[in-house]
$ cat run08.txt   # compact mmCIF, C-alpha atoms
# COMPACT_ATOMS: atom_id res chain seq x y z
CA MET A 1 13.69 11.59 -27.14
CA THR A 2 10.19 10.65 -28.27
CA SER A 3 8.61 10.00 -31.63
CA VAL A 4 5.10 11.43 -31.76
CA ALA A 5 4.41 10.84 -35.43
CA SER A 6 2.27 7.88 -34.44
CA ARG A 7 1.51 5.56 -37.35
CA GLY A 8 -1.88 4.86 -35.81
CA VAL A 9 -2.79 8.55 -35.74
CA VAL A 10 -1.77 9.03 -39.37
CA ASP A 11 -3.64 5.87 -40.37
CA ARG A 12 -6.83 7.26 -38.85
CA TYR A 13 -6.83 9.85 -41.64
CA GLY A 14 -5.15 7.93 -44.43
CA ARG A 15 -2.28 8.40 -46.85
CA ALA A 16 -1.95 9.48 -50.46
CA ASP A 17 1.30 9.76 -52.41
CA GLY A 18 3.38 9.47 -49.25
CA GLN A 19 1.45 12.27 -47.58
CA LEU A 20 -1.15 12.62 -44.88
CA ALA A 21 -4.60 12.74 -46.48
CA VAL A 22 -7.54 14.54 -44.88
CA GLY A 23 -10.88 13.54 -46.32
CA GLY A 24 -8.94 11.70 -49.01
CA VAL A 25 -7.07 14.85 -50.12
CA PRO A 26 -3.24 14.87 -49.89
CA VAL A 27 -2.16 17.57 -47.48
CA SER A 28 -0.01 19.54 -49.96
CA ARG A 29 -2.92 19.69 -52.37
CA LEU A 30 -5.24 20.67 -49.52
CA ALA A 31 -2.86 23.51 -48.56
CA ALA A 32 -2.98 24.77 -52.14
CA ARG A 33 -6.78 24.50 -52.11
CA VAL A 34 -7.04 26.47 -48.86
CA GLY A 35 -4.65 29.07 -50.25
CA SER A 36 -2.40 29.64 -47.23
CA THR A 37 -1.04 28.13 -44.06
CA PRO A 38 -1.68 27.67 -41.21
CA PHE A 39 -5.15 26.14 -41.34
CA PHE A 40 -7.42 23.71 -39.55
CA ALA A 41 -8.83 20.78 -41.51
CA TYR A 42 -11.66 18.60 -40.23
CA ASP A 43 -12.38 15.20 -41.74
CA ARG A 44 -16.14 14.81 -42.14
CA GLY A 45 -15.80 11.04 -42.51
CA LEU A 46 -14.11 10.78 -39.12
CA VAL A 47 -16.84 12.91 -37.51
CA ALA A 48 -19.55 10.67 -38.95
CA ARG A 49 -17.68 7.53 -37.88
CA ARG A 50 -17.32 8.76 -34.31
CA VAL A 51 -21.00 9.63 -34.02
CA ALA A 52 -21.87 6.17 -35.35
CA GLU A 53 -19.58 4.55 -32.76
CA VAL A 54 -21.29 6.47 -29.96
CA ARG A 55 -24.74 5.61 -31.29
CA ALA A 56 -23.82 1.93 -31.42
CA ALA A 57 -22.54 1.93 -27.84
CA LEU A 58 -25.33 3.90 -26.14
CA PRO A 59 -28.92 2.74 -25.65
CA GLY A 60 -31.11 3.68 -28.57
CA THR A 61 -33.44 5.71 -26.37
CA VAL A 62 -30.64 8.05 -25.24
CA HIS A 63 -30.57 11.33 -27.14
CA LEU A 64 -27.17 12.57 -28.31
CA SER A 65 -26.49 16.29 -28.09
CA TYR A 66 -23.47 18.19 -29.40
CA ALA A 67 -21.75 20.86 -27.29
CA VAL A 68 -21.22 23.56 -29.91
CA LYS A 69 -18.43 25.24 -27.94
CA ALA A 70 -16.09 22.35 -28.82
CA ASN A 71 -16.08 23.41 -32.47
CA PRO A 72 -18.62 25.99 -33.66
CA MET A 73 -17.55 26.11 -37.33
CA PRO A 74 -20.84 26.52 -39.25
CA ALA A 75 -19.99 23.75 -41.73
CA VAL A 76 -19.32 21.35 -38.86
CA LEU A 77 -22.66 22.30 -37.31
CA GLN A 78 -24.45 21.67 -40.57
CA GLN A 79 -22.95 18.19 -40.80
CA LEU A 80 -23.64 17.33 -37.17
CA SER A 81 -27.22 18.58 -37.40
CA GLU A 82 -27.84 15.58 -39.64
CA LEU A 83 -26.22 13.16 -37.18
CA VAL A 84 -27.19 14.16 -33.63
CA ASP A 85 -30.44 14.90 -31.80
CA GLY A 86 -29.71 18.36 -30.44
CA PHE A 87 -27.19 21.12 -29.76
CA ASP A 88 -26.10 22.89 -26.59
CA VAL A 89 -24.85 26.44 -27.14
CA ALA A 90 -22.94 28.82 -24.89
CA SER A 91 -23.36 32.22 -26.56
CA GLY A 92 -25.71 34.23 -28.71
CA ILE A 93 -23.54 33.74 -31.78
CA GLU A 94 -23.48 29.99 -31.28
CA LEU A 95 -27.25 30.12 -30.90
CA ARG A 96 -27.68 31.97 -34.20
CA ASN A 97 -25.48 29.46 -36.00
CA ALA A 98 -27.36 26.54 -34.43
CA LEU A 99 -30.69 28.03 -35.53
CA ASP A 100 -29.38 28.09 -39.10
CA THR A 101 -29.26 24.30 -39.13
CA ARG A 102 -32.10 21.85 -39.67
CA LEU A 103 -32.53 21.21 -35.93
CA SER A 104 -35.68 22.43 -34.23
CA PRO A 105 -35.29 25.08 -31.50
CA ALA A 106 -37.03 22.59 -29.22
CA VAL A 107 -33.86 20.44 -29.14
CA LEU A 108 -31.48 23.35 -28.56
CA SER A 109 -30.32 24.31 -25.08
CA PHE A 110 -28.41 27.38 -23.90
CA ALA A 111 -26.03 26.98 -20.95
CA GLY A 112 -23.34 29.12 -19.40
CA PRO A 113 -23.02 31.70 -16.63
CA GLY A 114 -23.33 35.40 -17.40
CA LYS A 115 -25.77 35.29 -20.29
CA SER A 116 -26.46 38.85 -21.40
CA THR A 117 -29.94 40.31 -21.55
CA GLY A 118 -29.66 40.31 -25.33
CA GLU A 119 -28.77 36.63 -25.35
CA LEU A 120 -31.65 35.79 -23.04
CA SER A 121 -33.97 37.69 -25.38
CA GLN A 122 -32.65 35.67 -28.33
CA ALA A 123 -33.21 32.41 -26.47
CA VAL A 124 -36.72 33.25 -25.27
CA ALA A 125 -37.76 34.49 -28.72
CA ALA A 126 -36.32 31.40 -30.41
CA GLY A 127 -38.00 28.98 -28.01
CA VAL A 128 -34.83 27.16 -26.95
CA THR A 129 -34.35 25.73 -23.47
CA ILE A 130 -32.50 28.13 -21.19
CA GLU A 131 -30.48 26.29 -18.58
CA LEU A 132 -30.71 28.47 -15.49
CA GLU A 133 -27.38 29.12 -13.77
CA SER A 134 -28.66 31.19 -10.82
CA GLU A 135 -31.76 32.51 -9.10
CA LEU A 136 -31.02 35.97 -10.48
CA GLU A 137 -30.86 34.59 -14.00
CA LEU A 138 -34.37 33.22 -13.51
CA ALA A 139 -35.57 36.70 -12.57
CA ARG A 140 -33.89 38.14 -15.65
CA VAL A 141 -35.48 35.48 -17.89
CA LEU A 142 -38.90 36.30 -16.46
CA ALA A 143 -38.35 40.02 -17.07
CA VAL A 144 -37.37 39.34 -20.69
CA SER A 145 -40.29 36.98 -21.25
CA GLY A 146 -42.66 39.52 -19.80
CA ARG A 147 -41.50 42.16 -22.28
CA LEU A 148 -41.74 39.73 -25.19
CA GLY A 149 -45.01 38.13 -24.10
CA ILE A 150 -43.50 34.65 -24.55
CA ARG A 151 -43.50 31.90 -21.94
CA PRO A 152 -39.87 30.77 -21.65
CA ARG A 153 -38.63 27.18 -21.77
CA VAL A 154 -36.26 26.59 -18.86
CA ALA A 155 -34.25 23.84 -17.23
CA VAL A 156 -32.15 24.04 -14.10
CA ARG A 157 -28.44 23.47 -14.31
CA VAL A 158 -27.46 21.79 -11.06
CA ASN A 159 -24.08 22.10 -9.38
CA PRO A 160 -23.96 18.59 -7.86
CA ASP A 161 -22.85 17.81 -4.34
CA PHE A 162 -20.15 15.45 -5.64
CA GLN A 163 -17.02 15.67 -7.77
CA VAL A 164 -15.96 13.38 -10.60
CA ARG A 165 -12.60 11.74 -10.20
CA GLY A 166 -10.39 11.48 -13.26
CA SER A 167 -11.76 14.55 -15.04
CA GLY A 168 -9.33 16.89 -16.73
CA MET A 169 -11.57 19.79 -15.73
CA ARG A 170 -14.14 19.73 -12.93
CA LEU A 171 -17.32 21.68 -13.49
CA GLY A 172 -19.30 20.44 -10.50
CA GLY A 173 -18.95 19.88 -6.78
CA GLY A 174 -17.73 22.49 -4.32
CA PRO A 175 -18.17 26.20 -5.05
CA GLN A 176 -18.73 26.76 -8.76
CA GLN A 177 -19.73 29.53 -11.13
CA PHE A 178 -21.68 26.88 -13.03
CA GLY A 179 -25.23 25.98 -12.09
CA ILE A 180 -27.20 26.23 -8.87
CA ASP A 181 -26.00 24.34 -5.82
CA ALA A 182 -28.00 21.13 -5.47
CA GLU A 183 -29.15 22.00 -1.95
CA ARG A 184 -30.65 25.30 -3.19
CA VAL A 185 -32.52 23.81 -6.14
CA PRO A 186 -35.65 22.61 -4.24
CA SER A 187 -36.53 26.10 -3.06
CA LEU A 188 -36.07 27.48 -6.57
CA LEU A 189 -38.25 24.74 -8.06
CA THR A 190 -41.10 25.35 -5.68
CA ALA A 191 -41.03 29.04 -6.61
CA LEU A 192 -41.06 28.50 -10.37
CA SER A 193 -44.04 30.00 -12.18
CA ASP A 194 -44.81 31.43 -15.60
CA VAL A 195 -42.26 29.15 -17.24
CA ASP A 196 -42.34 26.03 -19.35
CA PHE A 197 -40.28 23.80 -17.08
CA GLN A 198 -38.28 21.13 -18.92
CA GLY A 199 -35.98 19.48 -16.41
CA PHE A 200 -32.35 19.34 -15.33
CA HIS A 201 -28.81 19.50 -16.61
CA VAL A 202 -25.97 18.13 -14.50
CA PHE A 203 -22.43 18.31 -15.90
CA ALA A 204 -19.76 17.48 -13.36
CA GLY A 205 -16.53 17.23 -15.37
CA SER A 206 -14.85 16.92 -18.76
CA GLN A 207 -12.01 15.08 -20.54
CA ASN A 208 -12.32 11.85 -18.55
CA LEU A 209 -10.70 8.69 -19.91
CA ARG A 210 -11.89 6.40 -17.11
CA ALA A 211 -15.11 4.65 -17.98
CA GLU A 212 -15.95 3.63 -14.42
CA GLU A 213 -15.61 7.20 -13.17
CA ILE A 214 -18.03 8.36 -15.86
CA CYS A 215 -20.43 5.55 -14.93
CA GLU A 216 -20.28 6.52 -11.27
CA ALA A 217 -20.98 10.16 -12.14
CA GLN A 218 -23.99 9.14 -14.22
CA ARG A 219 -25.35 6.96 -11.42
CA ARG A 220 -24.96 9.73 -8.87
CA THR A 221 -26.49 12.22 -11.27
CA VAL A 222 -29.60 10.08 -11.72
CA ASP A 223 -29.94 9.64 -7.94
CA LEU A 224 -29.64 13.40 -7.49
CA VAL A 225 -32.20 14.25 -10.15
CA LEU A 226 -34.73 11.69 -8.91
CA GLY A 227 -34.64 13.41 -5.54
CA LEU A 228 -34.95 16.89 -7.03
CA ALA A 229 -37.82 15.82 -9.28
CA ASP A 230 -40.07 15.59 -6.22
CA PHE A 231 -39.93 19.40 -6.00
CA ALA A 232 -40.45 20.07 -9.71
CA PRO A 233 -43.46 22.18 -10.75
CA GLY A 234 -44.33 19.70 -13.47
CA PRO A 235 -43.14 16.52 -15.17
CA VAL A 236 -39.45 16.23 -15.97
CA ARG A 237 -39.16 16.10 -19.75
CA TYR A 238 -35.43 16.78 -20.13
CA LEU A 239 -32.57 15.13 -18.25
CA ASN A 240 -29.12 16.08 -19.50
CA LEU A 241 -26.54 13.81 -17.89
CA GLY A 242 -23.64 15.77 -19.39
CA GLY A 243 -20.80 13.94 -21.02
CA GLY A 244 -17.18 14.32 -20.06
CA PHE A 245 -15.92 11.64 -22.47
CA GLY A 246 -12.20 12.21 -23.01
CA ILE A 247 -9.89 11.65 -25.97
CA PRO A 248 -6.24 10.48 -25.86
CA TYR A 249 -4.16 13.57 -26.54
CA THR A 250 -0.77 12.05 -25.74
CA ARG A 251 1.03 8.72 -26.04
CA ARG A 252 0.43 8.02 -22.36
CA ASP A 253 -3.35 8.30 -22.71
CA ARG A 254 -5.54 5.27 -23.35
CA PRO A 255 -8.74 5.58 -25.40
CA LEU A 256 -12.02 5.58 -23.52
CA ASP A 257 -13.92 2.27 -23.47
CA LEU A 258 -17.53 3.01 -24.42
CA GLU A 259 -18.91 -0.47 -23.74
CA PRO A 260 -19.25 -0.23 -19.94
CA ILE A 261 -20.68 3.28 -20.27
CA GLY A 262 -23.37 2.02 -22.61
CA ALA A 263 -24.23 -0.89 -20.32
CA ASN A 264 -24.41 1.42 -17.32
CA LEU A 265 -26.67 3.84 -19.18
CA ALA A 266 -29.02 1.06 -20.21
CA GLY A 267 -29.74 0.31 -16.56
CA LEU A 268 -30.08 3.98 -15.67
CA VAL A 269 -32.52 4.61 -18.53
CA ASP A 270 -34.76 1.87 -17.14
CA VAL A 271 -34.71 3.54 -13.71
CA VAL A 272 -35.46 6.97 -15.17
CA SER A 273 -38.26 5.61 -17.36
CA ALA A 274 -39.95 4.05 -14.36
CA ARG A 275 -39.76 7.18 -12.23
CA LEU A 276 -39.85 9.95 -14.85
CA PRO A 277 -41.70 8.47 -17.83
CA GLU A 278 -41.73 11.70 -19.85
CA ALA A 279 -38.01 12.40 -19.47
CA ARG A 280 -35.80 12.57 -22.55
CA VAL A 281 -32.40 11.34 -21.37
CA VAL A 282 -29.58 13.27 -23.04
CA VAL A 283 -25.83 12.68 -23.23
CA GLU A 284 -24.01 15.82 -24.33
CA LEU A 285 -20.64 15.42 -26.06
CA GLY A 286 -18.39 17.93 -27.77
CA ARG A 287 -14.69 17.11 -27.78
CA TYR A 288 -15.39 13.39 -28.07
CA LEU A 289 -17.29 13.80 -31.34
CA VAL A 290 -14.93 16.15 -33.17
CA GLY A 291 -11.59 16.35 -31.36
CA GLU A 292 -9.83 13.48 -33.13
CA ALA A 293 -11.21 14.49 -36.53
CA GLY A 294 -9.21 17.71 -36.77
CA VAL A 295 -5.64 18.53 -37.72
CA TYR A 296 -3.77 21.84 -37.58
CA VAL A 297 -1.44 22.27 -40.56
CA THR A 298 1.44 24.75 -40.47
CA ARG A 299 4.48 25.26 -42.70
CA VAL A 300 8.17 25.25 -41.80
CA VAL A 301 9.61 28.72 -42.45
CA ASP A 302 13.02 28.31 -40.82
CA ARG A 303 15.37 25.60 -39.65
CA LYS A 304 18.06 26.54 -37.18
CA VAL A 305 20.54 24.98 -34.79
CA SER A 306 21.20 26.59 -31.43
CA ARG A 307 23.98 25.09 -29.33
CA GLY A 308 23.40 21.64 -30.67
CA LYS A 309 19.57 21.72 -30.63
CA THR A 310 17.63 21.79 -33.91
CA PHE A 311 14.55 23.97 -34.15
CA LEU A 312 11.87 23.89 -36.82
CA VAL A 313 10.14 27.28 -36.87
CA VAL A 314 6.64 27.22 -38.37
CA ASP A 315 4.23 29.92 -39.48
CA GLY A 316 1.63 28.93 -36.89
CA GLY A 317 1.73 28.66 -33.12
CA LEU A 318 -0.06 28.90 -29.82
CA HIS A 319 -2.16 31.84 -31.03
CA HIS A 320 -4.05 29.29 -33.15
CA GLN A 321 -3.60 26.01 -31.24
CA LEU A 322 -3.08 26.99 -27.63
CA ALA A 323 -3.73 23.56 -26.15
CA ALA A 324 -0.89 21.91 -28.08
CA SER A 325 1.53 24.37 -26.51
CA GLY A 326 0.49 23.25 -23.03
CA ASN A 327 -1.00 26.61 -22.08
CA PHE A 328 -4.70 25.72 -22.00
CA GLY A 329 -4.89 24.77 -18.35
CA GLN A 330 -2.69 21.66 -18.49
CA ALA A 331 -0.72 21.00 -15.31
CA ILE A 332 2.01 19.18 -17.23
CA ARG A 333 2.92 19.87 -20.85
CA ARG A 334 3.06 16.81 -23.10
CA ASN A 335 3.52 16.66 -26.86
CA TYR A 336 0.45 16.20 -28.99
CA PRO A 337 0.89 13.75 -31.87
CA LEU A 338 2.46 15.49 -34.84
CA ALA A 339 3.99 14.57 -38.18
CA VAL A 340 5.81 15.96 -41.17
CA ALA A 341 2.58 15.77 -43.12
CA ASN A 342 4.04 15.64 -46.62
CA ARG A 343 6.59 12.95 -45.63
CA VAL A 344 4.62 10.50 -43.50
CA ASP A 345 6.16 7.41 -45.11
CA GLU A 346 9.74 8.50 -44.50
CA PRO A 347 11.67 7.21 -41.48
CA ALA A 348 12.09 9.41 -38.41
CA THR A 349 15.80 10.23 -38.36
CA GLU A 350 16.32 13.36 -36.28
CA GLU A 351 15.31 14.90 -33.00
CA VAL A 352 13.89 18.40 -33.36
CA THR A 353 11.87 20.94 -31.44
CA VAL A 354 8.95 22.51 -33.30
CA VAL A 355 8.22 26.11 -32.34
CA GLY A 356 5.82 28.74 -33.58
CA CYS A 357 6.44 32.18 -35.01
CA LEU A 358 5.63 34.19 -31.89
CA CYS A 359 8.12 36.14 -29.79
CA THR A 360 7.64 34.05 -26.65
CA PRO A 361 9.29 30.84 -25.40
CA LEU A 362 5.79 29.57 -24.59
CA ASP A 363 5.22 29.04 -28.31
CA LEU A 364 6.30 25.41 -28.23
CA LEU A 365 4.43 22.86 -30.36
CA GLY A 366 6.68 19.80 -30.15
CA ASP A 367 9.57 19.38 -27.74
CA ASP A 368 12.42 16.98 -28.63
CA VAL A 369 10.40 14.91 -31.09
CA LEU A 370 11.74 12.33 -33.51
CA LEU A 371 10.68 13.15 -37.08
CA PRO A 372 11.76 12.67 -40.68
CA ALA A 373 14.25 15.33 -41.74
CA ALA A 374 12.19 18.41 -42.51
CA GLU A 375 13.14 21.46 -44.52
CA VAL A 376 11.72 24.91 -45.13
CA GLY A 377 8.44 24.52 -47.01
CA ASP A 378 7.48 21.19 -45.46
CA LEU A 379 4.13 20.89 -43.70
CA ILE A 380 3.77 19.99 -40.02
CA ALA A 381 0.47 18.46 -38.92
CA ILE A 382 -0.59 18.64 -35.28
CA PHE A 383 -3.34 16.15 -34.55
CA MET A 384 -6.20 16.15 -31.98
CA ALA A 385 -7.11 19.63 -33.23
CA GLY A 386 -10.82 19.23 -33.91
CA ALA A 387 -12.00 20.65 -30.58
CA TYR A 388 -10.98 23.72 -28.58
CA GLY A 389 -8.48 24.79 -31.22
CA ARG A 390 -9.06 27.98 -33.17
CA THR A 391 -11.80 29.41 -30.97
CA ALA A 392 -10.01 28.50 -27.72
CA SER A 393 -6.79 30.27 -28.70
CA PRO A 394 -5.61 33.91 -28.43
CA LEU A 395 -6.03 34.73 -32.12
CA GLY A 396 -5.14 38.39 -31.64
CA PHE A 397 -1.85 37.74 -29.86
CA LEU A 398 0.95 39.61 -31.67
CA SER A 399 -1.48 40.44 -34.50
CA HIS A 400 -0.71 37.55 -36.83
CA PRO A 401 -3.28 36.48 -39.45
CA GLU A 402 -6.08 34.19 -38.33
CA PRO A 403 -6.06 30.58 -39.60
CA LEU A 404 -8.67 29.34 -42.04
CA GLU A 405 -10.85 26.28 -41.47
CA VAL A 406 -12.04 23.64 -43.91
CA LEU A 407 -14.32 20.63 -43.59
CA VAL A 408 -13.17 17.96 -46.04
$ encode --input "run08.txt" --output "structure tokens"
Amino acid sequence: MTSVASRGVVDRYGRADGQLAVGGVPVSRLAARVGSTPFFAYDRGLVARRVAEVRAALPGTVHLSYAVKANPMPAVLQQLSELVDGFDVASGIELRNALDTRLSPAVLSFAGPGKSTGELSQAVAAGVTIELESELELARVLAVSGRLGIRPRVAVRVNPDFQVRGSGMRLGGGPQQFGIDAERVPSLLTALSDVDFQGFHVFAGSQNLRAEEICEAQRRTVDLVLGLADFAPGPVRYLNLGGGFGIPYTRRDRPLDLEPIGANLAGLVDVVSARLPEARVVVELGRYLVGEAGVYVTRVVDRKVSRGKTFLVVDGGLHHQLAASGNFGQAIRRNYPLAVANRVDEPATEEVTVVGCLCTPLDLLGDDVLLPAAEVGDLIAIFMAGAYGRTASPLGFLSHPEPLEVLV
């Protein structure tokens, strides 16, 4: 039996009238304002605070980029465009939304394997940096640029020859669909022509809570890029070190310590400045900036007891918040923090299992959790929902309505 209604998690948002407050608004009032449940709510104050914490920890010369795929809600992008130095997008739609913000196309990058010809045309026409994922993609970019009469901005995404320990998901090392194998990059660089070469992007892993592993990856990345720079057709002006900063989804997780990462980066920036004086060093973060600022709110529609076990059935589920159900690539399912959002000051008195409305036993949101006694109509808040929530979930599964999103 575990209690996951962590007081610390609730306190991150705040309380009002015995309820969870998001952006200062009590959750029952926010539900009325949205008009229906379930919904995602993102606290703009928490987003701004997290960006400020990162800025304070990293060297001032390091540029901070936001990975739009973590949360592409247009209102979130508008807020972040005032706080960060650039965006990285992973689709044509993300690119269009990024171009609607105040950020210059010059600080936008486009990564991801399998970019369509239409997406490459968008990127070339907009003047964003296309991060090449293969030799064939380079040929396709050149064909598009030839038709448009525009010299494309490109960087090379490198699949490094090392793996990052401690990452929840590895995106580098070994065979990968991401990037060009490090040993093949020199030959591609020497053949580059008719492009505006920017530099390199190396992203080896994500969701890492171990500061020293991130530091080691950054050191190895800089060593790799300094070697590859000798083959570059021009000065390196862009060096994206990736990110991989993790957030603590479960009670067993410990928050990432930014201090050693900042100190490590300070030394690496000095090395890069000496060898590649024109390089803009970039750290790209997505989940770390927005993940802890979001909450998924769903309403209890039934309460039932089956052979001694109490179930709270809610009107949401894995079709909206797949990761909380343990079906987003997790090897072991663990409960995300959750709370009876309109009763956060009441004592936890009963063990319940929170399930969604879908006709599958996979639709499990909280297993054997200790909560205040909840009834039909009460609101359940699932935290850590600011990244890879709505857009990373099977919204069409069983044809239930899609959840709304609000930035408060």
$ residues_near_point --input "run08.txt" --point "(-7.3, 34.0, -38.6)" --cutoff "12 Å" --atoms "all atoms listed in the file" --output "CSV table (one decimal) with C-alpha atoms, in the coordinates of the input"
chain,number,residue,atom,x,y,z
A,36,SER,CA,-2.4,29.6,-47.2
A,37,THR,CA,-1.0,28.1,-44.1
A,38,PRO,CA,-1.7,27.7,-41.2
A,39,PHE,CA,-5.2,26.1,-41.3
A,40,PHE,CA,-7.4,23.7,-39.6
A,316,GLY,CA,1.6,28.9,-36.9
A,317,GLY,CA,1.7,28.7,-33.1
A,319,HIS,CA,-2.2,31.8,-31.0
A,320,HIS,CA,-4.0,29.3,-33.2
A,321,GLN,CA,-3.6,26.0,-31.2
A,389,GLY,CA,-8.5,24.8,-31.2
A,390,ARG,CA,-9.1,28.0,-33.2
A,391,THR,CA,-11.8,29.4,-31.0
A,393,SER,CA,-6.8,30.3,-28.7
A,394,PRO,CA,-5.6,33.9,-28.4
A,395,LEU,CA,-6.0,34.7,-32.1
A,396,GLY,CA,-5.1,38.4,-31.6
A,397,PHE,CA,-1.8,37.7,-29.9
A,399,SER,CA,-1.5,40.4,-34.5
A,400,HIS,CA,-0.7,37.6,-36.8
A,401,PRO,CA,-3.3,36.5,-39.4
A,402,GLU,CA,-6.1,34.2,-38.3
A,403,PRO,CA,-6.1,30.6,-39.6
A,404,LEU,CA,-8.7,29.3,-42.0
A,405,GLU,CA,-10.8,26.3,-41.5
$ atom_distance --input "run08.txt" --atom1 "CA of Leu365 in chain A" --atom2 "CA of Val9 in chain A"
16.9 Å
$ closest_residue --input "run08.txt" --among "A:Glu350, A:Asp43, A:Asp368, A:Glu292" --to "Gly386 in chain A" --atoms "all atoms listed in the file"
A:Glu292
$ residues_around --input "run08.txt" --residues "range 304-307 of chain A" --least-positions-apart "2" --cutoff "12 Å" --atoms "only C-alpha atoms" --output "list in words"
Val300, Val301, Asp302, Lys309, Thr310, Phe311, Leu312, Val313, Val314, Glu351, Val352, Thr353, Val354, Val355, Ala374, Glu375 and Val376 of chain A
$ closest_residue --input "run08.txt" --among "A:Val76, A:Leu239, A:Ala229, A:Val84" --to "Leu407 in chain A" --atoms "only C-alpha atoms"
A:Val76
$ atom_distance --input "run08.txt" --atom1 "CA of Arg44 in chain A" --atom2 "CA of Leu103 in chain A"
18.7 Å
$ residues_near_point --input "run08.txt" --point "(-8.1, 13.8, -25.5)" --cutoff "9 Å" --atoms "only C-alpha atoms" --output "ChimeraX atom specification"
/A:207-209,245-250,253,255,287-288,291-292,384
$ residues_around --input "run08.txt" --residues "Arg210 in chain A" --least-positions-apart "4" --cutoff "12 Å" --atoms "all atoms listed in the file" --output "short mmCIF file (atom, residue, chain, number, x, y, z; two decimals) with C-alpha atoms, in the frame of the given file"
data_model
loop_
_atom_site.label_atom_id
_atom_site.label_comp_id
_atom_site.auth_asym_id
_atom_site.auth_seq_id
_atom_site.Cartn_x
_atom_site.Cartn_y
_atom_site.Cartn_z
CA VAL A 164 -15.96 13.38 -10.60
CA ARG A 165 -12.60 11.74 -10.20
CA GLY A 166 -10.39 11.48 -13.26
CA SER A 167 -11.76 14.55 -15.04
CA GLY A 168 -9.33 16.89 -16.73
CA GLY A 205 -16.53 17.23 -15.37
CA SER A 206 -14.85 16.92 -18.76
CA ILE A 214 -18.03 8.36 -15.86
CA CYS A 215 -20.43 5.55 -14.93
CA GLU A 216 -20.28 6.52 -11.27
CA ALA A 217 -20.98 10.16 -12.14
CA GLY A 244 -17.18 14.32 -20.06
CA PHE A 245 -15.92 11.64 -22.47
CA GLY A 246 -12.20 12.21 -23.01
CA ILE A 247 -9.89 11.65 -25.97
CA PRO A 248 -6.24 10.48 -25.86
CA ASP A 253 -3.35 8.30 -22.71
CA ARG A 254 -5.54 5.27 -23.35
CA PRO A 255 -8.74 5.58 -25.40
CA LEU A 256 -12.02 5.58 -23.52
CA ASP A 257 -13.92 2.27 -23.47
CA LEU A 258 -17.53 3.01 -24.42
CA GLU A 259 -18.91 -0.47 -23.74
CA PRO A 260 -19.25 -0.23 -19.94
CA ILE A 261 -20.68 3.28 -20.27
#
$ residues_around --input "run08.txt" --residues "Val340 in chain A" --least-positions-apart "4" --cutoff "8 Å" --atoms "all atoms listed in the file" --output "VMD selection string"
chain A and resid 5 344 371 to 372 374 378 to 381
$ write_last_selection --input "run08.txt" --atoms "C-alpha atoms" --output "compact mmCIF listing (two decimals), in the frame of the given file"
# COMPACT_ATOMS: atom_id res chain seq x y z
CA ALA A 5 4.41 10.84 -35.43
CA VAL A 344 4.62 10.50 -43.50
CA LEU A 371 10.68 13.15 -37.08
CA PRO A 372 11.76 12.67 -40.68
CA ALA A 374 12.19 18.41 -42.51
CA ASP A 378 7.48 21.19 -45.46
CA LEU A 379 4.13 20.89 -43.70
CA ILE A 380 3.77 19.99 -40.02
CA ALA A 381 0.47 18.46 -38.92
$ closest_residue --input "run08.txt" --among "A:Tyr13, A:Phe383, A:Phe200, A:Tyr66" --to "Leu338 in chain A" --atoms "only C-alpha atoms"
A:Phe383
